[in-house]
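First comes the structure, then the notes that go with it.
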Amino acid sequence: MSKSLNQAILIGHVGKDPDVRTLDGGIKVATFSLATSTGGYKKQDGTDVPERTQWHNIVCWRGLADVCEKFVRKGDRLTILGTIGYREYEKDGQKRYATDIIAYDLLLSGKADNPNARPPVTAADAPEQSDFPPMPPQGGDLPF
């Protein structure tokens, strides 16, 4: 049997506050857009190539939708781990296609400019060495 992989990793900024809905059966789903950009550059001939931004549809289900509802806001920097999903739908009699990133994990990488946002973590916030459990002795049997 051959193996396959469908995985997407995106790091970008939230384009709008998540739209959170509760479906039949109490299942929550959150959807929002995420922008990723490639930097602009200058070619050898002096031509400027502008920055290019791509927009991605993000879909979060159940507990991850709860996290989005409580913590994710427009402008936040997120890391999204998910799978690529394709769907088709009909609008005004026309068949349309959409590509979604179905998130299975997200990391809050930075908040938008918000006076209530938590300050960034600094080296002073790092735990002291004594906060970690001691290492097992070298050469001894490990407990697993």
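By convention here, the chains of the structure tokens are called A, B, ... in the order presented, each chain's residues are numbered starting at 1, and ligands are numbered starting at 1 in the order presented.
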
For Lys74 of chain A, please output as a PDB file with N, CA and C atoms, in the first residue's frame all residues within 8 Å (counting only C-alpha atoms; exclusion window: fewer than 4 positions along the same chain).
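Generated file (selection-v7.pdb):
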```
ATOM      1  N   HIS A  13      -1.477  36.353   8.700  1.00  0.00           N
ATOM      2  CA  HIS A  13      -2.309  37.240   9.509  1.00  0.00           C
ATOM      3  C   HIS A  13      -3.788  37.023   9.195  1.00  0.00           C
ATOM      4  N   VAL A  14      -4.594  37.056  10.237  1.00  0.00           N
ATOM      5  CA  VAL A  14      -6.032  36.854  10.122  1.00  0.00           C
ATOM      6  C   VAL A  14      -6.641  38.061   9.419  1.00  0.00           C
ATOM      7  N   GLY A  15      -7.447  37.796   8.384  1.00  0.00           N
ATOM      8  CA  GLY A  15      -8.038  38.862   7.592  1.00  0.00           C
ATOM      9  C   GLY A  15      -9.332  39.414   8.151  1.00  0.00           C
ATOM     10  N   LYS A  16     -10.042  38.630   8.940  1.00  0.00           N
ATOM     11  CA  LYS A  16     -11.293  39.090   9.552  1.00  0.00           C
ATOM     12  C   LYS A  16     -11.543  38.257  10.801  1.00  0.00           C
ATOM     13  N   ASP A  17     -12.329  38.790  11.722  1.00  0.00           N
ATOM     14  CA  ASP A  17     -12.688  38.020  12.908  1.00  0.00           C
ATOM     15  C   ASP A  17     -13.370  36.729  12.471  1.00  0.00           C
ATOM     16  N   PRO A  18     -13.119  35.635  13.181  1.00  0.00           N
ATOM     17  CA  PRO A  18     -13.738  34.361  12.796  1.00  0.00           C
ATOM     18  C   PRO A  18     -15.261  34.432  12.827  1.00  0.00           C
ATOM     19  N   ALA A 112      -2.758  41.253  17.278  1.00  0.00           N
ATOM     20  CA  ALA A 112      -2.879  42.515  16.561  1.00  0.00           C
ATOM     21  C   ALA A 112      -2.653  43.648  17.555  1.00  0.00           C
TER      22      ALA A 112
END
```

Which polymer residues have any atom within 9 Å of an atom of Leu34 of chain A, counting only C-alpha atoms, with same-chain residues fewer than 6 positions away left out, as a VMD selection string? chain A and resid 10 to 16 54 to 58 77 to 78

What lies within 10 Å of segment 86-90 of chain A using only C-alpha atoms, ignoring chain neighbours under 3 positions off, as a PyMOL selection string? chain A and resi 93-102

Write out the residues from the selection above, keeping N, CA, C and O atoms, as a PDB file, in the first residue's frame.
```pdb
ATOM      1  N   GLY A  93     -26.917  29.564 -10.008  1.00  0.00           N
ATOM      2  CA  GLY A  93     -26.951  28.608 -11.108  1.00  0.00           C
ATOM      3  C   GLY A  93     -25.591  28.236 -11.663  1.00  0.00           C
ATOM      4  O   GLY A  93     -25.507  27.452 -12.597  1.00  0.00           O
ATOM      5  N   GLN A  94     -24.532  28.800 -11.117  1.00  0.00           N
ATOM      6  CA  GLN A  94     -23.176  28.517 -11.578  1.00  0.00           C
ATOM      7  C   GLN A  94     -22.470  27.592 -10.590  1.00  0.00           C
ATOM      8  O   GLN A  94     -22.544  27.794  -9.378  1.00  0.00           O
ATOM      9  N   LYS A  95     -21.790  26.591 -11.117  1.00  0.00           N
ATOM     10  CA  LYS A  95     -20.994  25.707 -10.273  1.00  0.00           C
ATOM     11  C   LYS A  95     -19.705  26.429  -9.925  1.00  0.00           C
ATOM     12  O   LYS A  95     -19.030  26.977 -10.796  1.00  0.00           O
ATOM     13  N   ARG A  96     -19.375  26.453  -8.634  1.00  0.00           N
ATOM     14  CA  ARG A  96     -18.161  27.121  -8.165  1.00  0.00           C
ATOM     15  C   ARG A  96     -17.327  26.148  -7.346  1.00  0.00           C
ATOM     16  O   ARG A  96     -17.848  25.177  -6.807  1.00  0.00           O
ATOM     17  N   TYR A  97     -16.060  26.452  -7.248  1.00  0.00           N
ATOM     18  CA  TYR A  97     -15.124  25.594  -6.526  1.00  0.00           C
ATOM     19  C   TYR A  97     -14.391  26.417  -5.476  1.00  0.00           C
ATOM     20  O   TYR A  97     -14.101  27.596  -5.690  1.00  0.00           O
ATOM     21  N   ALA A  98     -14.072  25.781  -4.369  1.00  0.00           N
ATOM     22  CA  ALA A  98     -13.344  26.460  -3.295  1.00  0.00           C
ATOM     23  C   ALA A  98     -12.304  25.510  -2.715  1.00  0.00           C
ATOM     24  O   ALA A  98     -12.485  24.290  -2.715  1.00  0.00           O
ATOM     25  N   THR A  99     -11.233  26.096  -2.248  1.00  0.00           N
ATOM     26  CA  THR A  99     -10.179  25.351  -1.573  1.00  0.00           C
ATOM     27  C   THR A  99     -10.113  25.850  -0.137  1.00  0.00           C
ATOM     28  O   THR A  99     -10.044  27.062   0.098  1.00  0.00           O
ATOM     29  N   ASP A 100     -10.168  24.937   0.816  1.00  0.00           N
ATOM     30  CA  ASP A 100     -10.129  25.277   2.235  1.00  0.00           C
ATOM     31  C   ASP A 100      -8.938  24.605   2.892  1.00  0.00           C
ATOM     32  O   ASP A 100      -8.479  23.548   2.455  1.00  0.00           O
ATOM     33  N   ILE A 101      -8.458  25.212   3.963  1.00  0.00           N
ATOM     34  CA  ILE A 101      -7.496  24.578   4.846  1.00  0.00           C
ATOM     35  C   ILE A 101      -8.284  24.177   6.085  1.00  0.00           C
ATOM     36  O   ILE A 101      -8.808  25.037   6.794  1.00  0.00           O
ATOM     37  N   ILE A 102      -8.426  22.871   6.313  1.00  0.00           N
ATOM     38  CA  ILE A 102      -9.147  22.365   7.474  1.00  0.00           C
ATOM     39  C   ILE A 102      -8.119  22.213   8.589  1.00  0.00           C
ATOM     40  O   ILE A 102      -7.278  21.309   8.558  1.00  0.00           O
TER      41      ILE A 102
END
```

Where in segment 49-98 of chain A does DSSP assign strand (DSSP E or B), given as a PyMOL selection string? chain A and resi 49+52-61+77-91+94-98

File dump, residues just selected, N, CA, C and O atoms, as a compact mmCIF listing (two decimals), in the first residue's frame:
```txt
# COMPACT_ATOMS: atom_id res chain seq x y z
N VAL A 49 9.84 43.80 -8.15
CA VAL A 49 8.77 42.82 -8.11
C VAL A 49 8.04 43.03 -6.79
O VAL A 49 8.65 42.90 -5.72
N ARG A 52 3.69 39.81 -2.83
CA ARG A 52 2.50 39.10 -3.31
C ARG A 52 1.80 38.47 -2.12
O ARG A 52 2.41 37.72 -1.36
N THR A 53 0.52 38.78 -1.97
CA THR A 53 -0.27 38.25 -0.87
C THR A 53 -1.28 37.25 -1.41
O THR A 53 -1.94 37.51 -2.42
N GLN A 54 -1.39 36.11 -0.73
CA GLN A 54 -2.40 35.11 -1.08
C GLN A 54 -3.33 34.94 0.12
O GLN A 54 -2.89 34.98 1.28
N TRP A 55 -4.60 34.73 -0.17
CA TRP A 55 -5.61 34.56 0.88
C TRP A 55 -6.05 33.10 0.93
O TRP A 55 -6.26 32.47 -0.10
N HIS A 56 -6.19 32.59 2.14
CA HIS A 56 -6.58 31.20 2.37
C HIS A 56 -7.83 31.14 3.23
O HIS A 56 -7.95 31.91 4.20
N ASN A 57 -8.75 30.24 2.87
CA ASN A 57 -9.94 30.00 3.69
C ASN A 57 -9.59 28.98 4.75
O ASN A 57 -9.17 27.87 4.43
N ILE A 58 -9.77 29.33 6.03
CA ILE A 58 -9.45 28.44 7.14
C ILE A 58 -10.76 27.98 7.78
O ILE A 58 -11.65 28.79 8.02
N VAL A 59 -10.85 26.68 8.05
CA VAL A 59 -12.03 26.09 8.70
C VAL A 59 -11.56 25.35 9.95
O VAL A 59 -10.67 24.50 9.88
N CYS A 60 -12.16 25.69 11.08
CA CYS A 60 -11.83 25.04 12.36
C CYS A 60 -13.09 24.43 12.94
O CYS A 60 -14.13 25.10 13.00
N TRP A 61 -13.02 23.22 13.41
CA TRP A 61 -14.17 22.50 13.94
C TRP A 61 -14.06 22.30 15.45
O TRP A 61 -12.97 22.29 16.01
N ARG A 77 -1.41 37.24 14.21
CA ARG A 77 -0.49 36.38 13.45
C ARG A 77 -0.69 34.96 13.96
O ARG A 77 -0.59 34.70 15.17
N LEU A 78 -0.98 34.03 13.04
CA LEU A 78 -1.24 32.64 13.40
C LEU A 78 -0.36 31.70 12.60
O LEU A 78 0.01 31.99 11.46
N THR A 79 -0.08 30.56 13.20
CA THR A 79 0.48 29.43 12.49
C THR A 79 -0.63 28.39 12.43
O THR A 79 -1.17 28.01 13.47
N ILE A 80 -0.97 27.95 11.25
CA ILE A 80 -2.05 26.99 11.04
C ILE A 80 -1.46 25.68 10.54
O ILE A 80 -0.66 25.67 9.60
N LEU A 81 -1.85 24.58 11.15
CA LEU A 81 -1.51 23.24 10.67
C LEU A 81 -2.83 22.60 10.26
O LEU A 81 -3.79 22.58 11.03
N GLY A 82 -2.87 22.08 9.05
CA GLY A 82 -4.13 21.51 8.59
C GLY A 82 -3.96 20.70 7.32
O GLY A 82 -2.84 20.40 6.89
N THR A 83 -5.09 20.35 6.76
CA THR A 83 -5.12 19.60 5.51
C THR A 83 -5.84 20.45 4.45
O THR A 83 -6.65 21.31 4.78
N ILE A 84 -5.53 20.19 3.20
CA ILE A 84 -6.16 20.92 2.11
C ILE A 84 -7.43 20.18 1.70
O ILE A 84 -7.40 18.97 1.49
N GLY A 85 -8.52 20.93 1.62
CA GLY A 85 -9.80 20.34 1.23
C GLY A 85 -10.40 21.10 0.05
O GLY A 85 -10.24 22.32 -0.05
N TYR A 86 -11.05 20.39 -0.82
CA TYR A 86 -11.69 20.99 -1.98
C TYR A 86 -13.18 20.74 -1.90
O TYR A 86 -13.61 19.67 -1.48
N ARG A 87 -13.96 21.72 -2.31
CA ARG A 87 -15.42 21.55 -2.33
C ARG A 87 -15.99 22.30 -3.51
O ARG A 87 -15.35 23.18 -4.07
N GLU A 88 -17.19 21.91 -3.87
CA GLU A 88 -17.89 22.63 -4.93
C GLU A 88 -19.28 22.97 -4.42
O GLU A 88 -19.84 22.29 -3.57
N TYR A 89 -19.80 24.08 -4.93
CA TYR A 89 -21.12 24.53 -4.55
C TYR A 89 -21.73 25.28 -5.73
O TYR A 89 -21.04 25.58 -6.71
N GLU A 90 -23.01 25.58 -5.62
CA GLU A 90 -23.68 26.27 -6.69
C GLU A 90 -24.17 27.62 -6.20
O GLU A 90 -24.72 27.72 -5.10
N LYS A 91 -23.91 28.67 -6.99
CA LYS A 91 -24.36 30.02 -6.65
C LYS A 91 -24.88 30.66 -7.92
O LYS A 91 -24.18 30.70 -8.93
N GLN A 94 -24.53 28.80 -11.12
CA GLN A 94 -23.18 28.52 -11.58
C GLN A 94 -22.47 27.59 -10.59
O GLN A 94 -22.54 27.79 -9.38
N LYS A 95 -21.79 26.59 -11.12
CA LYS A 95 -20.99 25.71 -10.27
C LYS A 95 -19.70 26.43 -9.92
O LYS A 95 -19.03 26.98 -10.80
N ARG A 96 -19.37 26.45 -8.63
CA ARG A 96 -18.16 27.12 -8.17
C ARG A 96 -17.33 26.15 -7.35
O ARG A 96 -17.85 25.18 -6.81
N TYR A 97 -16.06 26.45 -7.25
CA TYR A 97 -15.12 25.59 -6.53
C TYR A 97 -14.39 26.42 -5.48
O TYR A 97 -14.10 27.60 -5.69
N ALA A 98 -14.07 25.78 -4.37
CA ALA A 98 -13.34 26.46 -3.29
C ALA A 98 -12.30 25.51 -2.71
O ALA A 98 -12.49 24.29 -2.71
```

Quick one: of A:Cys68, A:Asp45, A:Ala35, A:Arg21, who's nearest to Leu107 of chain A, counting only C-alpha atoms?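 Closest to Leu107 of chain A of all the choices is A:Cys68.
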
For the atom pair atom CA of Asp19 of chain A and atom CA of Thr38 of chain A, what is the interatomic distance in Å to one decimal place?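 For atom CA of Asp19 of chain A relative to atom CA of Thr38 of chain A, the distance reads 26.4 Å.
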
For the atom pair atom CA of Gln7 of chain A and atom CA of Glu51 of chain A, what is the interatomic distance in Å to one decimal place?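 Pair atom CA of Gln7 of chain A / atom CA of Glu51 of chain A returns 25.0 Å.
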